[in-house]
Structures are given as C-alpha cells and as structure tokens.
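Undergrad: Just passing along the structure, written as structure tokens.
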Amino acid sequence: MDKNTAPAALRARMGALSGGLGITINTLLAAAKIALGAVTGALSVLADGMNNLTDCGSNVVSLIGLKMSEKPADKEHPFGHRRAETIAALVIALIVLVVAAELAIESVQKIFAPEESEFSWALVAVLGAAVAAKLFLFAFNRYWGRRLDAETLRATATDSISDAVATTAVLLSLIISRYTGFDLDGYMGAAVAVFIAFSGGSILKEAVSHLLGTAPDAQVLRAIEARVRAFEGVHGLHDLTVHSYGQDKLYATVHVEVDANMPLMAAHDLADAIERQFAEESNILLTVHIDPLVLDDPKVNRLREETERAVRGIDPSLRIHDFRLVGGETHANLVFDVAAPFECALSDAQICARIKDAVARMGDHFGAVVTVDRQNLD
C-alpha cells in the first residue's frame with residue numbers, strides 16, 4: 001500500500017545492473033564452456049555453454065522489458081507499460097524451453113551413439129567457477145526481484161538457479177565418469193534438459209497467469225476494506241475489484257454503502273474524500289460508487305436480516321448486498337445481489353433457485369430477484 005515501495009529510478013537502476021552482470025558473466029561462461037566442450041568432446045559441457053549463450057539473450061530481453069515498463073502512460077497505453085515486464089518474462093521462458101528441447105535431442109542422440117570425451121581438470125575448474133557465478137546471480141536477482149516486485153528479475157533468478165543445478169550435474173557426471181569408466185555424458189545431458197524445461201515451464205506459467213489476470217492479494221483487499229470503513233458515514237462495502245498493471249499500478253473499484261437519507265452532495269464529498277486519500281497515500285487509484293441503504297424502515301431491516309439468515313443457511317460463504325423491497329402489501333419482490341466465492345460448489349442457477357425457495361417460505365406474497373456475483377471473498 002505504500003506509494004513509495006519501489007521508486008521507478010531504483011527499479012531501473014537495479015534492472016540495468018542485473019542485466020549488465022548477467023550479460024558479462026554469461027558471455028564469459030559461454031565462451032569458456034563452448035571452447036572446452038568442443039576440445040574435449042563433452043556434449044553436456046558444450047550444451048551447458050550454449051545454455052549460457054542463450055542466457056545472454058534472456059538478459060537482453062530482461063533489460064528491454066524493464067526499460068519499457070518504466071515508460072509513462074500515453075494515449076495508446078493509458079494504464080502505463082508495467083506489463084512489459086510480464087512479456088519479457090514470457091520471452092525468457094520460451095528461450096529456456098527451446099534450449100531444453102535442443103539439449104534433450106542432442107543428449108538422446110549421444111546415449112544411442114556415444115562418443116568418447118576427454119577429461120580435463122581445467123574443465124572441472126571452469127564448471128566450478130560457473131556454479132559459483134550462477135549462485136551469485138541467483139541470490140542477487142532473487143533479493144532485488146522480491147524487494148522491487150520485479151517479475152523479470154524473479155524469472156532471471158529462477159533461470160540462474162536452474163543453471164547452477166544443471167552445471168553441478170554436468171560437473172558430477174564428468175568426475176563420476178572419470179573414476180568409473182562409465183560415460184554419463186548423454187544421460188546427464190538429458191537430466192539437465194528435463195530440469196531446465198521444468199524451470200522454463202514455471203516461468204511460463206507465472207507469466208501467462210499474470211497476462212490473464214490474477215486475483216488480488218488478500219492482504220491488499222483487507223487493507224483497502226479497512227481504510228474505506230474508517231471513513232465516517234460508511235456502513236459497508238462490496239464489489240471490491242482490483243486490477244494490477246504492475247507493482248505500482250493498481251486500479252480498484254468499490255461500492256460503498258451509505259444511509260439513503262445522506263444528502264447527495266455529502267455522499268459525493270465522501271466518495272471524493274475516499275478517492276483522494278487513496279491517490280495521495282497509496283499506489284491504488286480507487287473509484288468509488290455510492291450505494292444508498294434504507295436504514296430507518298423497520299420492515300425493510302427485518303426482511304434484510306431474515307434474508308441474510310436464509311442465504312447463510314444455503315452456504316455460509318454467501319453474502320447479500322444492495323437489498324431493496326419493491327412492491328406493495330399483496331405482492332413484493334426482495335431485490336438484491338449475492339456475492340459468492342469462486343470456491344462455492346453451487347452454480348449460479350442453483351444459488352438463485354434455493355434462495356427463491358427460501359424467500360417464498362418467508363411469506364406467500366414475497367418473490368426474489370437475485371443477481372449472483374462471483375468474487376474473491378476473504
């Protein structure tokens with residue numbers, strides 16, 4: 001909720017530093033591994049070097065993504081460019097998966113047509129240094145990725161730890177093959193390919209999930225609700241929706257319940273005050289819709305309470321809002337919305353049917369007009 005959680009300048013600076021470190025380290029590792037792998041004939045080492053080479057491309061993509069994400073909103077992109085980070089993470093995931101597929105094909109070919117490779121202590125030293133370098137990149141990107149909530153840095157951290165594990169496996173296979181005489185190069189290459197593919201799949205899943213739109217964090221929802229309820233004159237709220245366009249680009253809408261007798265100008269001022277406080281003190285641009293509640297009619301209050309009990313009897317997770325009584329003495333409709341969590345096993349039609357039956361039992365002249373809203377309810 002803090003508006004200054006991750007200043008844009010800091011995000012840009014750490015993103016550039018991460019990309020620069022990654023490009024430098026991966027270029028050096030790729031050159032050393034490819035050269036030694038070609039000389040010794042170790043396919044797993046050569047493939048690991050090619051993986052480092054593609055990591056350079058991933059670092060470039062990460063740099064571009066972070067740079068684009070800092071662009072301000074414009075006519076074509078009124079919500080800013082923060083989702084460029086997600087696009088960059090998606091590209092990184094695809095690069096990782098392509099590398100995994102190529103490595104798997106080459107490894108299987110070597111299993112069925114083995115070629116003798118030459119052991120070299122220089123190669124062991126290079127691989128050991130590569131593991132240390134990748135662990136450093138992992139720790140660096142994970143720390144700043146979490147602190148800045150930077151998706152591309154988190155994806156780079158995942159890629160780095162995957163590389164560290166893969167290189168460790170290659171190193172162990174060389175040593176084991178050296179002292180047992182059994183060539184593990186092809187088998188270890190295949191195992192590394194599977195591990196890399198798993199890491200790429202994890203990055204891809206997270207990126208696609210963010211592009212589709214993920215549910216807001218429960219802590220954010222609770223913080224918004226608490227802040228809105230703190231305003232005098234607010235009797236409740238519902239239909240809270242949060243859209244994320246990046247770590248510091250949250251847009252939200254909420255329906256705020258007030259006394260129906262509140263003057264129109266006072267209700268408008270209340271909505272303005274809530275929106276202004278969020279804009280000035282948080283990273284959330286909130287839009288408030290005012291819903292009037294009839295609080296001084298004993299009959300309406302009694303029917304609302306009876307309806308709430310009936311709805312909770314159907315499923316304790318269901319909540320009602322926007323309750324109105326429409327009609328006269330001979331026939332009346334109870335008109336209201338029902339907020340249902342996505343986890344509720346009942347379908348919308350089943351919820352409506354059961355509520356209508358429950359309302360009918362409250363009196364022969366009562367009907368129900370129900371609208372079901374699927375929401376994340378905390």
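Chains: A, B, ... in order of the structure tokens. Residues: from 1 per chain. Ligands: from 1, in order shown.
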Could you pull out the helix (DSSP H, G or I) residues of region 44-114 of chain A from DSSP and send them as a PyMOL selection string?
TA: chain A and resi 44-69+84-112
Undergrad: Considering only C-alpha atoms, state which residue in the set A:Gly37, A:Gly15, A:Pro216, A:Gly186 is at the smallest distance from Asn141 (chain A).
TA: A:Gly15
Undergrad: Which of these residues is nearest to Phe366 (chain A), using only C-alpha atoms: A:His331, A:Arg354, A:Lys33, A:Lys67?
TA: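 Nearest candidate to Phe366 (chain A) out of A:His331, A:Arg354, A:Lys33, A:Lys67: A:His331.
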Undergrad: Compile the contact shell of region 189-200 of chain A as number ranges by chain: residues with an atom at most 9 Å away, counting only C-alpha atoms, same-chain residues fewer than 5 positions apart removed.
TA: A: 43-45, 47-48, 92-108, 155, 158-159, 162-163, 165-167, 169-170, 184, 205
Undergrad: Write out as a VMD selection string the residues lying within 10 Å of Val126 (chain A), counting only C-alpha atoms and excluding same-chain residues fewer than 5 positions away.
TA: chain A and resid 29 32 to 33 36 121 131 171
Undergrad: Between A:Tyr143, A:Met50, A:Glu206, A:Val124, which one has atoms that come closest to Thr168 (chain A), using only C-alpha atoms?
TA: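 Going through A:Tyr143, A:Met50, A:Glu206, A:Val124 one by one, the smallest distance to Thr168 (chain A) is for A:Val124.
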Undergrad: Could you name the residues that touch Thr307 (chain A) at 10 Å or less, counting only C-alpha atoms, but leaving out those on the same chain fewer than 2 positions away, as a list in words?
TA: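 Residues near the query, excluding close chain neighbours: Asn301, Arg302, Leu303, Arg304, Glu305, Arg309, Ala310, Val311, Arg312, Gly313, Ile320, Phe323, Leu334, Phe336, Ile355, Ala358, Val359, Met362 and Ala368 of chain A.
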Undergrad: Could you write out the selected residues, including C-alpha atoms, as an mmCIF file, in the first residue's frame?
TA:
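Done, and the output landed in again32.cif:
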```cif
data_model
loop_
_atom_site.group_PDB
_atom_site.id
_atom_site.type_symbol
_atom_site.label_atom_id
_atom_site.label_comp_id
_atom_site.auth_asym_id
_atom_site.auth_seq_id
_atom_site.Cartn_x
_atom_site.Cartn_y
_atom_site.Cartn_z
ATOM 1 C CA ASN A 301 -34.462 -4.091 8.103
ATOM 2 C CA ARG A 302 -36.388 -7.151 9.320
ATOM 3 C CA LEU A 303 -36.647 -8.622 5.822
ATOM 4 C CA ARG A 304 -32.951 -7.948 5.187
ATOM 5 C CA GLU A 305 -31.971 -9.806 8.373
ATOM 6 C CA ARG A 309 -30.035 -15.768 7.614
ATOM 7 C CA ALA A 310 -31.734 -17.716 4.822
ATOM 8 C CA VAL A 311 -28.846 -17.149 2.413
ATOM 9 C CA ARG A 312 -26.240 -18.141 5.015
ATOM 10 C CA GLY A 313 -28.269 -21.295 5.617
ATOM 11 C CA ILE A 320 -26.013 -10.244 0.194
ATOM 12 C CA PHE A 323 -31.051 -5.093 -0.732
ATOM 13 C CA LEU A 334 -36.909 -8.681 -2.500
ATOM 14 C CA PHE A 336 -30.618 -7.984 -4.004
ATOM 15 C CA ILE A 355 -32.720 -18.507 -2.462
ATOM 16 C CA ALA A 358 -36.154 -19.771 0.947
ATOM 17 C CA VAL A 359 -37.678 -16.323 0.303
ATOM 18 C CA MET A 362 -40.822 -16.178 4.377
ATOM 19 C CA ALA A 368 -36.906 -12.765 -5.066
#
```
Undergrad: With a distance cut-off of 12 Å and only C-alpha atoms, select the neighbouring residues of Asp291 (chain A), excluding the residue or stretch itself and same-chain residues fewer than 5 positions from it, and output the selection as a PyMOL selection string.
TA: chain A and resi 233-239+254-262+264+267-268+270-271+321-324
Undergrad: Once you have the residues from the selection above, write them out as an mmCIF file, in the first residue's frame, restricted to C-alpha atoms.
TA:
```cif
data_model
loop_
_atom_site.group_PDB
_atom_site.id
_atom_site.type_symbol
_atom_site.label_atom_id
_atom_site.label_comp_id
_atom_site.auth_asym_id
_atom_site.auth_seq_id
_atom_site.Cartn_x
_atom_site.Cartn_y
_atom_site.Cartn_z
ATOM 1 C CA GLY A 233 -20.692 7.589 7.156
ATOM 2 C CA VAL A 234 -19.599 4.290 5.564
ATOM 3 C CA HIS A 235 -21.912 1.434 6.615
ATOM 4 C CA GLY A 236 -20.322 -1.261 4.472
ATOM 5 C CA LEU A 237 -18.800 -2.013 1.108
ATOM 6 C CA HIS A 238 -18.987 -4.644 -1.617
ATOM 7 C CA ASP A 239 -17.984 -5.422 -5.210
ATOM 8 C CA VAL A 254 -15.680 -0.413 -4.849
ATOM 9 C CA HIS A 255 -19.325 0.090 -3.940
ATOM 10 C CA VAL A 256 -19.653 1.978 -0.646
ATOM 11 C CA GLU A 257 -22.893 1.691 1.347
ATOM 12 C CA VAL A 258 -24.263 4.851 2.989
ATOM 13 C CA ASP A 259 -27.510 5.893 4.639
ATOM 14 C CA ALA A 260 -30.137 6.601 1.973
ATOM 15 C CA ASN A 261 -31.012 9.808 3.859
ATOM 16 C CA MET A 262 -27.497 11.220 3.360
ATOM 17 C CA LEU A 264 -26.486 13.856 -2.383
ATOM 18 C CA ALA A 267 -22.379 11.415 -0.425
ATOM 19 C CA HIS A 268 -20.449 12.863 -3.371
ATOM 20 C CA LEU A 270 -17.495 11.267 0.864
ATOM 21 C CA ALA A 271 -16.666 9.437 -2.376
ATOM 22 C CA HIS A 321 -25.876 -6.551 -0.688
ATOM 23 C CA ASP A 322 -27.904 -3.866 -2.496
ATOM 24 C CA PHE A 323 -31.051 -5.093 -0.732
ATOM 25 C CA ARG A 324 -34.314 -3.386 -1.755
#
```
Undergrad: Rounded to one decimal place, report the CA of Ile25 (chain A)-CA of Phe136 (chain A) distance in Å.
TA: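 Computed distance, CA of Ile25 (chain A) to CA of Phe136 (chain A), equals 10.4 Å.
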Undergrad: Please compute the CA of Gly145 (chain A)-CA of Thr54 (chain A) distance, one decimal, in Å.
TA: 20.7 Å
Undergrad: Using only C-alpha atoms, find the one residue out of A:Gln219, A:Thr287, A:Thr214, A:Ser120 that sits nearest to Arg178 (chain A).
TA: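 Result for the nearest residue to Arg178 (chain A): A:Ser120.
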Undergrad: Quick one, how far is CA of Phe342 (chain A) from CA of Ala218 (chain A)?
TA: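 Separation between CA of Phe342 (chain A) and CA of Ala218 (chain A): 14.2 Å.
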Undergrad: With only C-alpha atoms as the atoms that count, which of A:Asp183, A:Ala207, A:Cys56, A:Phe112 lies nearest to Ile87 (chain A)?
TA: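 Result for the nearest residue to Ile87 (chain A): A:Ala207.
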Undergrad: List as an MDAnalysis selection string the protein and nucleic acid residues near Ser160 (chain A), meaning an atom at most 8 Å away when only C-alpha atoms are counted, but skip any in the same chain fewer than 5 places from it.
TA: chainID A and resid 134:135 137:138
Undergrad: List every residue of region 249-331 of chain A that DSSP, applied to the backbone of this structure, places in strand (DSSP E or B), and write the result as a count of residues only.
TA: 29
Undergrad: Considering only C-alpha atoms, state which residue in the set A:Val91, A:Leu46, A:Ala38, A:Val60 is at the smallest distance from Thr24 (chain A).
TA: A:Val60
